[in-house]
Every structure is written in C-alpha cells, then in structure tokens.
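*Asks:* So I've got this file, model12.cif, and it contains mmCIF, C-alpha atoms:
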```cif
data_start
#
loop_
_atom_site.group_PDB
_atom_site.id
_atom_site.type_symbol
_atom_site.label_atom_id
_atom_site.label_comp_id
_atom_site.auth_asym_id
_atom_site.auth_seq_id
_atom_site.Cartn_x
_atom_site.Cartn_y
_atom_site.Cartn_z
ATOM 1 C CA MET A 18 -117.250 -1.900 -128.439
ATOM 2 C CA THR A 19 -114.840 -4.747 -129.159
ATOM 3 C CA ILE A 20 -116.514 -8.073 -129.894
ATOM 4 C CA ARG A 21 -114.689 -10.937 -128.174
ATOM 5 C CA VAL A 22 -114.899 -14.282 -129.980
ATOM 6 C CA VAL A 23 -113.958 -17.881 -129.190
ATOM 7 C CA LEU A 24 -113.438 -20.309 -132.091
ATOM 8 C CA ALA A 25 -114.412 -23.961 -131.594
ATOM 9 C CA ASP A 26 -113.396 -26.317 -134.402
ATOM 10 C CA ASP A 27 -111.255 -29.460 -134.435
ATOM 11 C CA GLN A 28 -109.389 -28.343 -137.572
ATOM 12 C CA ALA A 29 -106.579 -25.852 -136.971
ATOM 13 C CA LEU A 30 -106.684 -24.626 -140.578
ATOM 14 C CA VAL A 31 -110.359 -23.766 -140.257
ATOM 15 C CA ARG A 32 -109.790 -21.883 -137.008
ATOM 16 C CA GLY A 33 -106.901 -20.030 -138.594
ATOM 17 C CA GLY A 34 -109.009 -19.013 -141.561
ATOM 18 C CA PHE A 35 -111.804 -17.721 -139.354
ATOM 19 C CA ARG A 36 -109.296 -15.843 -137.198
ATOM 20 C CA LEU A 37 -107.851 -14.070 -140.237
ATOM 21 C CA ILE A 38 -111.310 -12.995 -141.397
ATOM 22 C CA LEU A 39 -112.491 -11.847 -137.971
ATOM 23 C CA GLU A 40 -109.346 -10.010 -136.959
ATOM 24 C CA SER A 41 -109.282 -8.096 -140.239
ATOM 25 C CA GLU A 42 -111.966 -5.983 -138.540
ATOM 26 C CA ASP A 43 -111.071 -3.335 -135.949
ATOM 27 C CA ASP A 44 -113.968 -4.206 -133.656
ATOM 28 C CA ILE A 45 -113.489 -7.996 -133.433
ATOM 29 C CA VAL A 46 -110.822 -9.942 -131.553
ATOM 30 C CA VAL A 47 -110.387 -13.719 -131.139
ATOM 31 C CA VAL A 48 -109.680 -14.372 -127.462
ATOM 32 C CA GLY A 49 -109.431 -18.163 -127.559
ATOM 33 C CA GLU A 50 -109.512 -21.338 -129.654
ATOM 34 C CA ALA A 51 -110.896 -24.764 -128.782
ATOM 35 C CA GLU A 52 -110.335 -28.115 -130.499
ATOM 36 C CA ASP A 53 -113.467 -29.721 -129.089
ATOM 37 C CA GLY A 54 -116.654 -28.904 -127.263
ATOM 38 C CA GLU A 55 -115.278 -29.509 -123.789
ATOM 39 C CA GLN A 56 -112.504 -26.976 -124.351
ATOM 40 C CA ALA A 57 -115.053 -24.531 -125.727
ATOM 41 C CA VAL A 58 -117.194 -24.728 -122.584
ATOM 42 C CA THR A 59 -114.114 -24.243 -120.389
ATOM 43 C CA LEU A 60 -113.006 -21.176 -122.358
ATOM 44 C CA VAL A 61 -116.479 -19.639 -122.204
ATOM 45 C CA ALA A 62 -116.642 -20.141 -118.438
ATOM 46 C CA GLU A 63 -113.207 -18.531 -118.025
ATOM 47 C CA LEU A 64 -113.293 -15.746 -120.609
ATOM 48 C CA HIS A 65 -116.999 -14.830 -120.991
ATOM 49 C CA PRO A 66 -116.652 -14.001 -124.702
ATOM 50 C CA ASP A 67 -119.454 -12.284 -126.578
ATOM 51 C CA VAL A 68 -119.713 -15.014 -129.230
ATOM 52 C CA VAL A 69 -118.604 -18.601 -129.806
ATOM 53 C CA LEU A 70 -118.307 -19.837 -133.374
ATOM 54 C CA MET A 71 -119.190 -23.477 -132.743
ATOM 55 C CA ASP A 72 -118.568 -26.337 -135.155
ATOM 56 C CA VAL A 73 -121.126 -29.132 -134.891
ATOM 57 C CA GLN A 74 -118.989 -32.189 -135.555
ATOM 58 C CA MET A 75 -116.035 -32.392 -133.168
ATOM 59 C CA PRO A 76 -114.474 -35.360 -131.345
ATOM 60 C CA GLY A 77 -115.543 -36.057 -127.779
ATOM 61 C CA VAL A 78 -118.056 -33.410 -126.773
ATOM 62 C CA ASP A 79 -119.614 -32.194 -130.013
ATOM 63 C CA GLY A 80 -120.852 -28.694 -130.760
ATOM 64 C CA LEU A 81 -124.486 -29.421 -129.939
ATOM 65 C CA GLU A 82 -123.703 -30.753 -126.463
ATOM 66 C CA ALA A 83 -121.246 -27.897 -125.885
ATOM 67 C CA THR A 84 -123.978 -25.414 -126.813
ATOM 68 C CA ARG A 85 -126.300 -26.965 -124.218
ATOM 69 C CA ARG A 86 -123.569 -26.826 -121.564
ATOM 70 C CA ILE A 87 -122.843 -23.182 -122.300
ATOM 71 C CA GLY A 88 -126.531 -22.392 -121.983
ATOM 72 C CA ALA A 89 -126.509 -24.055 -118.568
ATOM 73 C CA LEU A 90 -123.622 -21.962 -117.205
ATOM 74 C CA GLY A 91 -126.038 -19.454 -115.710
ATOM 75 C CA ASP A 92 -127.062 -15.833 -116.090
ATOM 76 C CA SER A 93 -123.548 -14.542 -115.406
ATOM 77 C CA VAL A 94 -122.474 -15.891 -118.817
ATOM 78 C CA ARG A 95 -124.214 -14.081 -121.660
ATOM 79 C CA THR A 96 -122.160 -15.642 -124.462
ATOM 80 C CA ARG A 97 -124.085 -16.231 -127.683
ATOM 81 C CA VAL A 98 -123.416 -19.336 -129.745
ATOM 82 C CA LEU A 99 -123.269 -19.140 -133.521
ATOM 83 C CA VAL A 100 -123.257 -22.686 -134.875
ATOM 84 C CA LEU A 101 -121.206 -23.543 -137.949
ATOM 85 C CA THR A 102 -122.110 -26.537 -140.057
ATOM 86 C CA THR A 103 -121.012 -28.058 -143.354
ATOM 87 C CA PHE A 104 -124.528 -29.178 -144.236
ATOM 88 C CA GLU A 105 -127.762 -27.229 -144.032
ATOM 89 C CA ARG A 106 -129.467 -29.996 -142.093
ATOM 90 C CA ASP A 107 -132.653 -29.000 -140.325
ATOM 91 C CA ASP A 108 -132.141 -31.520 -137.516
ATOM 92 C CA TYR A 109 -128.783 -29.953 -136.633
ATOM 93 C CA VAL A 110 -130.217 -26.459 -136.778
ATOM 94 C CA LEU A 111 -133.205 -27.315 -134.621
ATOM 95 C CA GLU A 112 -131.193 -29.152 -131.996
ATOM 96 C CA ALA A 113 -128.730 -26.264 -131.830
ATOM 97 C CA LEU A 114 -131.519 -23.715 -131.389
ATOM 98 C CA ARG A 115 -133.215 -25.741 -128.692
ATOM 99 C CA GLY A 116 -129.847 -26.064 -126.991
ATOM 100 C CA GLY A 117 -129.501 -22.289 -126.788
ATOM 101 C CA ALA A 118 -127.793 -21.238 -130.026
ATOM 102 C CA SER A 119 -128.590 -17.826 -131.464
ATOM 103 C CA GLY A 120 -128.307 -18.935 -135.078
ATOM 104 C CA PHE A 121 -126.287 -20.831 -137.613
ATOM 105 C CA LEU A 122 -124.033 -20.328 -140.617
ATOM 106 C CA LEU A 123 -122.707 -22.658 -143.267
ATOM 107 C CA LYS A 124 -118.936 -23.059 -143.127
ATOM 108 C CA ASN A 125 -118.588 -22.114 -146.784
ATOM 109 C CA CYS A 126 -120.420 -18.802 -146.372
ATOM 110 C CA PRO A 127 -118.724 -15.664 -147.746
ATOM 111 C CA PRO A 128 -116.489 -13.747 -145.293
ATOM 112 C CA GLU A 129 -118.915 -10.826 -145.222
ATOM 113 C CA ASP A 130 -121.708 -13.159 -144.053
ATOM 114 C CA LEU A 131 -119.526 -14.424 -141.214
ATOM 115 C CA LEU A 132 -118.773 -10.881 -140.063
ATOM 116 C CA LEU A 133 -122.404 -9.852 -140.365
ATOM 117 C CA GLY A 134 -123.497 -12.937 -138.446
ATOM 118 C CA VAL A 135 -121.168 -12.256 -135.535
ATOM 119 C CA ARG A 136 -122.330 -8.648 -135.265
ATOM 120 C CA ARG A 137 -125.987 -9.590 -135.509
ATOM 121 C CA VAL A 138 -125.956 -12.150 -132.710
ATOM 122 C CA VAL A 139 -124.053 -9.724 -130.480
ATOM 123 C CA ARG A 140 -126.854 -7.197 -131.011
ATOM 124 C CA GLY A 141 -129.320 -9.830 -129.858
ATOM 125 C CA ASP A 142 -130.727 -10.553 -133.288
ATOM 126 C CA ALA A 143 -131.273 -14.133 -134.351
ATOM 127 C CA LEU A 144 -129.367 -15.329 -137.384
ATOM 128 C CA LEU A 145 -132.400 -16.949 -138.976
ATOM 129 C CA ALA A 146 -134.819 -15.352 -141.391
ATOM 130 C CA PRO A 147 -138.417 -15.375 -140.114
ATOM 131 C CA SER A 148 -139.403 -17.713 -142.953
ATOM 132 C CA VAL A 149 -136.752 -20.217 -141.847
ATOM 133 C CA THR A 150 -137.884 -19.912 -138.241
ATOM 134 C CA ARG A 151 -141.452 -20.587 -139.300
ATOM 135 C CA ARG A 152 -140.481 -23.632 -141.374
ATOM 136 C CA LEU A 153 -138.343 -25.160 -138.639
ATOM 137 C CA ILE A 154 -140.890 -24.607 -135.913
ATOM 138 C CA GLU A 155 -143.905 -25.829 -137.805
ATOM 139 C CA ASP A 156 -142.251 -28.820 -139.454
ATOM 140 C CA TYR A 157 -139.885 -30.154 -136.824
ATOM 141 C CA ILE A 158 -140.673 -29.172 -133.234
ATOM 142 C CA THR A 159 -142.372 -31.986 -131.391
ATOM 143 C CA ARG A 160 -145.833 -31.016 -130.240
ATOM 144 C CA PRO A 161 -145.603 -30.126 -126.565
ATOM 145 C CA SER A 162 -147.389 -32.344 -124.094
ATOM 146 C CA PRO A 163 -150.780 -30.960 -123.021
ATOM 147 C CA ARG A 164 -150.709 -28.753 -119.959
ATOM 148 C CA SER A 165 -153.487 -28.555 -117.412
ATOM 149 C CA SER A 166 -152.524 -24.939 -116.716
ATOM 150 C CA PRO A 167 -150.383 -22.297 -118.463
ATOM 151 C CA ALA A 168 -146.634 -22.337 -117.897
ATOM 152 C CA PRO A 169 -145.930 -20.184 -114.807
ATOM 153 C CA GLU A 170 -143.293 -18.157 -116.673
ATOM 154 C CA LEU A 171 -145.989 -16.786 -118.977
ATOM 155 C CA GLN A 172 -147.657 -15.052 -116.035
ATOM 156 C CA ARG A 173 -144.780 -12.556 -116.058
ATOM 157 C CA LEU A 174 -145.985 -11.177 -119.390
ATOM 158 C CA THR A 175 -148.714 -8.666 -120.072
ATOM 159 C CA GLU A 176 -151.544 -9.523 -122.470
ATOM 160 C CA ARG A 177 -149.910 -7.400 -125.179
ATOM 161 C CA GLU A 178 -146.577 -9.146 -124.651
ATOM 162 C CA LEU A 179 -148.275 -12.534 -124.924
ATOM 163 C CA THR A 180 -149.786 -11.408 -128.225
ATOM 164 C CA VAL A 181 -146.388 -10.279 -129.493
ATOM 165 C CA LEU A 182 -144.822 -13.593 -128.436
ATOM 166 C CA ARG A 183 -147.502 -15.582 -130.270
ATOM 167 C CA LEU A 184 -146.920 -13.568 -133.427
ATOM 168 C CA LEU A 185 -143.135 -13.957 -133.101
ATOM 169 C CA ALA A 186 -143.655 -17.704 -132.881
ATOM 170 C CA HIS A 187 -145.327 -17.613 -136.286
ATOM 171 C CA GLY A 188 -142.342 -15.838 -137.813
ATOM 172 C CA ARG A 189 -143.552 -12.245 -137.947
ATOM 173 C CA THR A 190 -140.958 -9.533 -138.578
ATOM 174 C CA ASN A 191 -140.911 -6.270 -136.618
ATOM 175 C CA THR A 192 -142.486 -4.522 -139.588
ATOM 176 C CA GLU A 193 -145.272 -7.105 -139.803
ATOM 177 C CA LEU A 194 -145.847 -6.927 -136.061
ATOM 178 C CA ALA A 195 -146.092 -3.143 -136.166
ATOM 179 C CA HIS A 196 -148.605 -3.272 -139.017
ATOM 180 C CA GLU A 197 -150.727 -5.973 -137.397
ATOM 181 C CA LEU A 198 -150.770 -4.347 -133.953
ATOM 182 C CA HIS A 199 -151.104 -0.761 -135.294
ATOM 183 C CA VAL A 200 -148.020 0.464 -133.415
ATOM 184 C CA SER A 201 -144.570 1.744 -134.384
ATOM 185 C CA GLU A 202 -141.593 -0.550 -134.926
ATOM 186 C CA GLY A 203 -139.964 1.136 -131.937
ATOM 187 C CA THR A 204 -142.861 0.014 -129.760
ATOM 188 C CA VAL A 205 -142.517 -3.513 -131.113
ATOM 189 C CA LYS A 206 -138.816 -3.542 -130.240
ATOM 190 C CA THR A 207 -139.677 -2.373 -126.723
ATOM 191 C CA HIS A 208 -142.175 -5.214 -126.319
ATOM 192 C CA VAL A 209 -139.686 -7.792 -127.624
ATOM 193 C CA SER A 210 -136.954 -6.522 -125.293
ATOM 194 C CA SER A 211 -139.339 -6.704 -122.353
ATOM 195 C CA ILE A 212 -140.328 -10.287 -123.238
ATOM 196 C CA LEU A 213 -136.697 -11.388 -123.466
ATOM 197 C CA SER A 214 -135.844 -9.700 -120.165
ATOM 198 C CA LYS A 215 -138.807 -11.118 -118.235
ATOM 199 C CA LEU A 216 -138.253 -14.656 -119.509
ATOM 200 C CA GLY A 217 -134.441 -14.578 -119.258
ATOM 201 C CA LEU A 218 -134.011 -15.324 -122.961
ATOM 202 C CA ARG A 219 -131.162 -14.251 -125.217
ATOM 203 C CA ASP A 220 -132.872 -13.474 -128.507
ATOM 204 C CA ARG A 221 -135.939 -13.839 -130.711
ATOM 205 C CA VAL A 222 -135.222 -17.419 -131.732
ATOM 206 C CA GLN A 223 -135.074 -18.498 -128.092
ATOM 207 C CA ALA A 224 -138.396 -16.708 -127.546
ATOM 208 C CA VAL A 225 -139.938 -18.655 -130.439
ATOM 209 C CA VAL A 226 -138.710 -21.995 -129.121
ATOM 210 C CA PHE A 227 -139.959 -21.051 -125.642
ATOM 211 C CA ALA A 228 -143.415 -20.266 -127.011
ATOM 212 C CA TYR A 229 -143.715 -23.734 -128.514
ATOM 213 C CA ASP A 230 -142.087 -25.615 -125.653
ATOM 214 C CA THR A 231 -144.474 -24.054 -123.122
ATOM 215 C CA GLY A 232 -147.533 -24.747 -125.258
ATOM 216 C CA LEU A 233 -148.397 -21.067 -125.784
ATOM 217 C CA VAL A 234 -148.643 -21.919 -129.460
ATOM 218 C CA GLU A 235 -148.659 -25.256 -131.251
ATOM 219 C CA PRO A 236 -147.124 -26.252 -134.575
ATOM 220 C CA ARG A 237 -149.474 -25.992 -137.518
ATOM 221 C CA ARG A 238 -150.044 -29.303 -139.251
#
```
Once more with this new file: its structure as structure tokens, please.
*Replies:*
Amino acid sequence: MTIRVVLADDQALVRGGFRLILESEDDIVVVGEAEDGEQAVTLVAELHPDVVLMDVQMPGVDGLEATRRIGALGDSVRTRVLVLTTFERDDYVLEALRGGASGFLLKNCPPEDLLLGVRRVVRGDALLAPSVTRRLIEDYITRPSPRSSPAPELQRLTERELTVLRLLAHGRTNTELAHELHVSEGTVKTHVSSILSKLGLRDRVQAVVFAYDTGLVEPRR
C-alpha cells in the first residue's frame, strides 16, 4: 500500500523538508502541497489523500478551521488529519481533536517520529498516548449539557460496546481493556472496530471525544 499525503504549511521550506523525509520511504508519496487551509481542503476534496499534515497557524483559513471543513466533507472522504504545531499547547490540540484530527506532532520532532505518525494514523490509530488523552479530556473538555435521554447514536451499540467505549474514554489501552474485561486483545480490537464503524468515527481519539460530547461519560473533577 502506498500512503498518499498532502502537505499544508504556509512556508515552502517546511513543506520541502517534510517532502524529503516522507519521500525517502518507498511506501509514502506526497500528492499535493497547500499554502493555506483553504487550499488544503480543496486538495483533499479533489485527491482524497490518506493523510494531511496540517500546520495550525496559516494565513486566511487556519489549520484548525481546515480540519473542521475536511471532517465535514462526508463519508466519501476518509482522509486523516495529522496536525503539526510549533508549541505543545493543549488548547490547540483539543480544538484540533474536536475538529476531527487523528493526532498531533510537534514540528521539531525527529524524522522517524514523523514517519511513524503518518503510518499510525493511516492504520486508524490515534497519535496520542492514552495518558495524554486522559489528561486532555479530563482537564479541558467542557462538561456536556445535561441530556434528558441518551444520545440516539448510542443505541447502535451493544452493552459490551458501551462498556468498552466508557473505558476508552478514560484512557485505557487495549492491554488494560483486555485485562479488565477478561478477554483477549484481539477481542478488544474487534469491539473497538465495531464501535468506530457503527458510529462513523475514524479512530480511538474521535471515539473518546464522542463519548464525552454525548454525555456517556463526564470529565472527572
């Protein structure tokens, strides 16, 4: 499988550097470059790449708004957004995740981390350690407004899947889930895949955000 990537950054030198790193690998090809968020959305709609490396701070439409627009393109576009930022700011990370990003990387990360990150988001993994997910969710997500009844989307899930989703929302790894539920890691992966498919979500991070936004779980204070 060849991984098709779009680069979105307003600095040509940065895009060139990322291109050199990515195309040093046989299984990755850069199919387009964008100078701002609006161009990035257009390229994604036209090319349907596997991944967009999205800078946050760009003129005009910034990376956060572009991420939201890409997420709104519909089910026919399965592009995953990997956000790049100069600063490890939790507000940027959270807004990007809620907008539909699959993870984030610092711009000064080593080349091997960039390559690993691209491959991981393509596999459907989230580029956030469970501990980071837990910290972001519990410290920064606004408490959802009370619901008089459960979110209708949750009715698509079995009781076991609801349990798995609750545990995911608290940052459990597959290994921890398997131990807690007394099942194999393969069974856990099957449950997670089923949850993502039924809810139309891209990866585990989106499942975690969904769990909090729908009120299935609430941030711990």
*Asks:* Might you pull out every residue within 7 Å of Val98 (chain A), with only C-alpha atoms counted and same-chain residues fewer than 4 positions away left off, and present them as a PyMOL selection string?
*Replies:* chain A and resi 68-71+84+118-119
*Asks:* Please indicate the distance in Å from CA of Ala51 (chain A) to CA of Asp220 (chain A), rounded to one decimal place.
*Replies:*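 Spanning CA of Ala51 (chain A) to CA of Asp220 (chain A) is a straight-line distance of 24.7 Å.
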*Asks:* For CA of Arg115 (chain A) and CA of Gly232 (chain A), quote the distance in Å rounded to one decimal.
*Replies:*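 About the pair CA of Arg115 (chain A) and CA of Gly232 (chain A): they are 14.8 Å apart.
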*Asks:* Expressed in Å to a single decimal, how great is the separation between CA of Val47 (chain A) and CA of Ile20 (chain A)?
*Replies:*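 Computing the Euclidean distance for CA of Val47 (chain A) and CA of Ile20 (chain A) yields 8.4 Å.
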*Asks:* Once the PyMOL selection byres ((chain A and resi 215) around 12) has been evaluated on this model, what residues remain selected, and can you format them as a list in words?
*Replies:*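 Given this file, the PyMOL selection byres ((chain A and resi 215) around 12) evaluates to Glu170, Leu171, Gln172, Arg173, Leu174, Thr175, Glu178, Leu179, His208, Val209, Ser210, Ser211, Ile212, Leu213, Ser214, Leu216, Gly217, Leu218, Arg219 and Ala224 of chain A.
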*Asks:* Would you write out, as number ranges by chain, every residue that the PyMOL selection byres ((chain A and resi 31) around 12) captures in this file?
*Replies:* A: 24-30, 32-38, 50-52, 70-72, 101, 103, 124-125
*Asks:* Near Thr204 (chain A), counting only C-alpha atoms, which residues have an atom at most 12 Å away, once you skip same-chain residues fewer than 2 positions from it, shown as a PyMOL selection string?
*Replies:* chain A and resi 177-178+181+191-192+194-196+198-202+206-211
*Asks:* Just say which residues the PyMOL selection byres ((chain A and resi 185) around 9) picks in this file, as a list of chain:residue names.
*Replies:*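 Evaluating the PyMOL selection byres ((chain A and resi 185) around 9) on these coordinates yields A:Pro147, A:Thr180, A:Val181, A:Leu182, A:Arg183, A:Leu184, A:Ala186, A:His187, A:Gly188, A:Arg189, A:Thr190, A:Asn191, A:Leu194, A:Val209, A:Arg221, A:Val222, A:Ala224, A:Val225, A:Ala228.
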*Asks:* What's the 7 Å shell around Pro66 (chain A), counting all atoms listed in the file, without same-chain residues fewer than 6 positions away, as a ChimeraX atom specification?
*Replies:* /A:21-23,96
*Asks:* Mind listing whatever residues come within 12 Å of the point (-115.1, 3.0, -127.1)? Use all atoms listed in the file, file coordinates, and give them as a list in words.
*Replies:*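 Protein, DNA and RNA residues close to (-115.1, 3.0, -127.1): Met18, Thr19, Ile20, Asp43 and Asp44 of chain A.
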*Asks:* Hey, what's within 7 Å of region 54-58 of chain A if we count all atoms listed in the file and toss same-chain stuff fewer than 2 positions away? As a PyMOL selection string, please?
*Replies:* chain A and resi 25+51-52+60-62+75+78-80+83+86-87
*Asks:* Compare A:Pro127, A:Gly203, A:Gly117, A:Gly49 by their minimum atom-to-atom distance to Arg97 (chain A), counting only C-alpha atoms, and give me the closest one.
*Replies:*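 Ranked by minimum distance to Arg97 (chain A), first place goes to A:Gly117.
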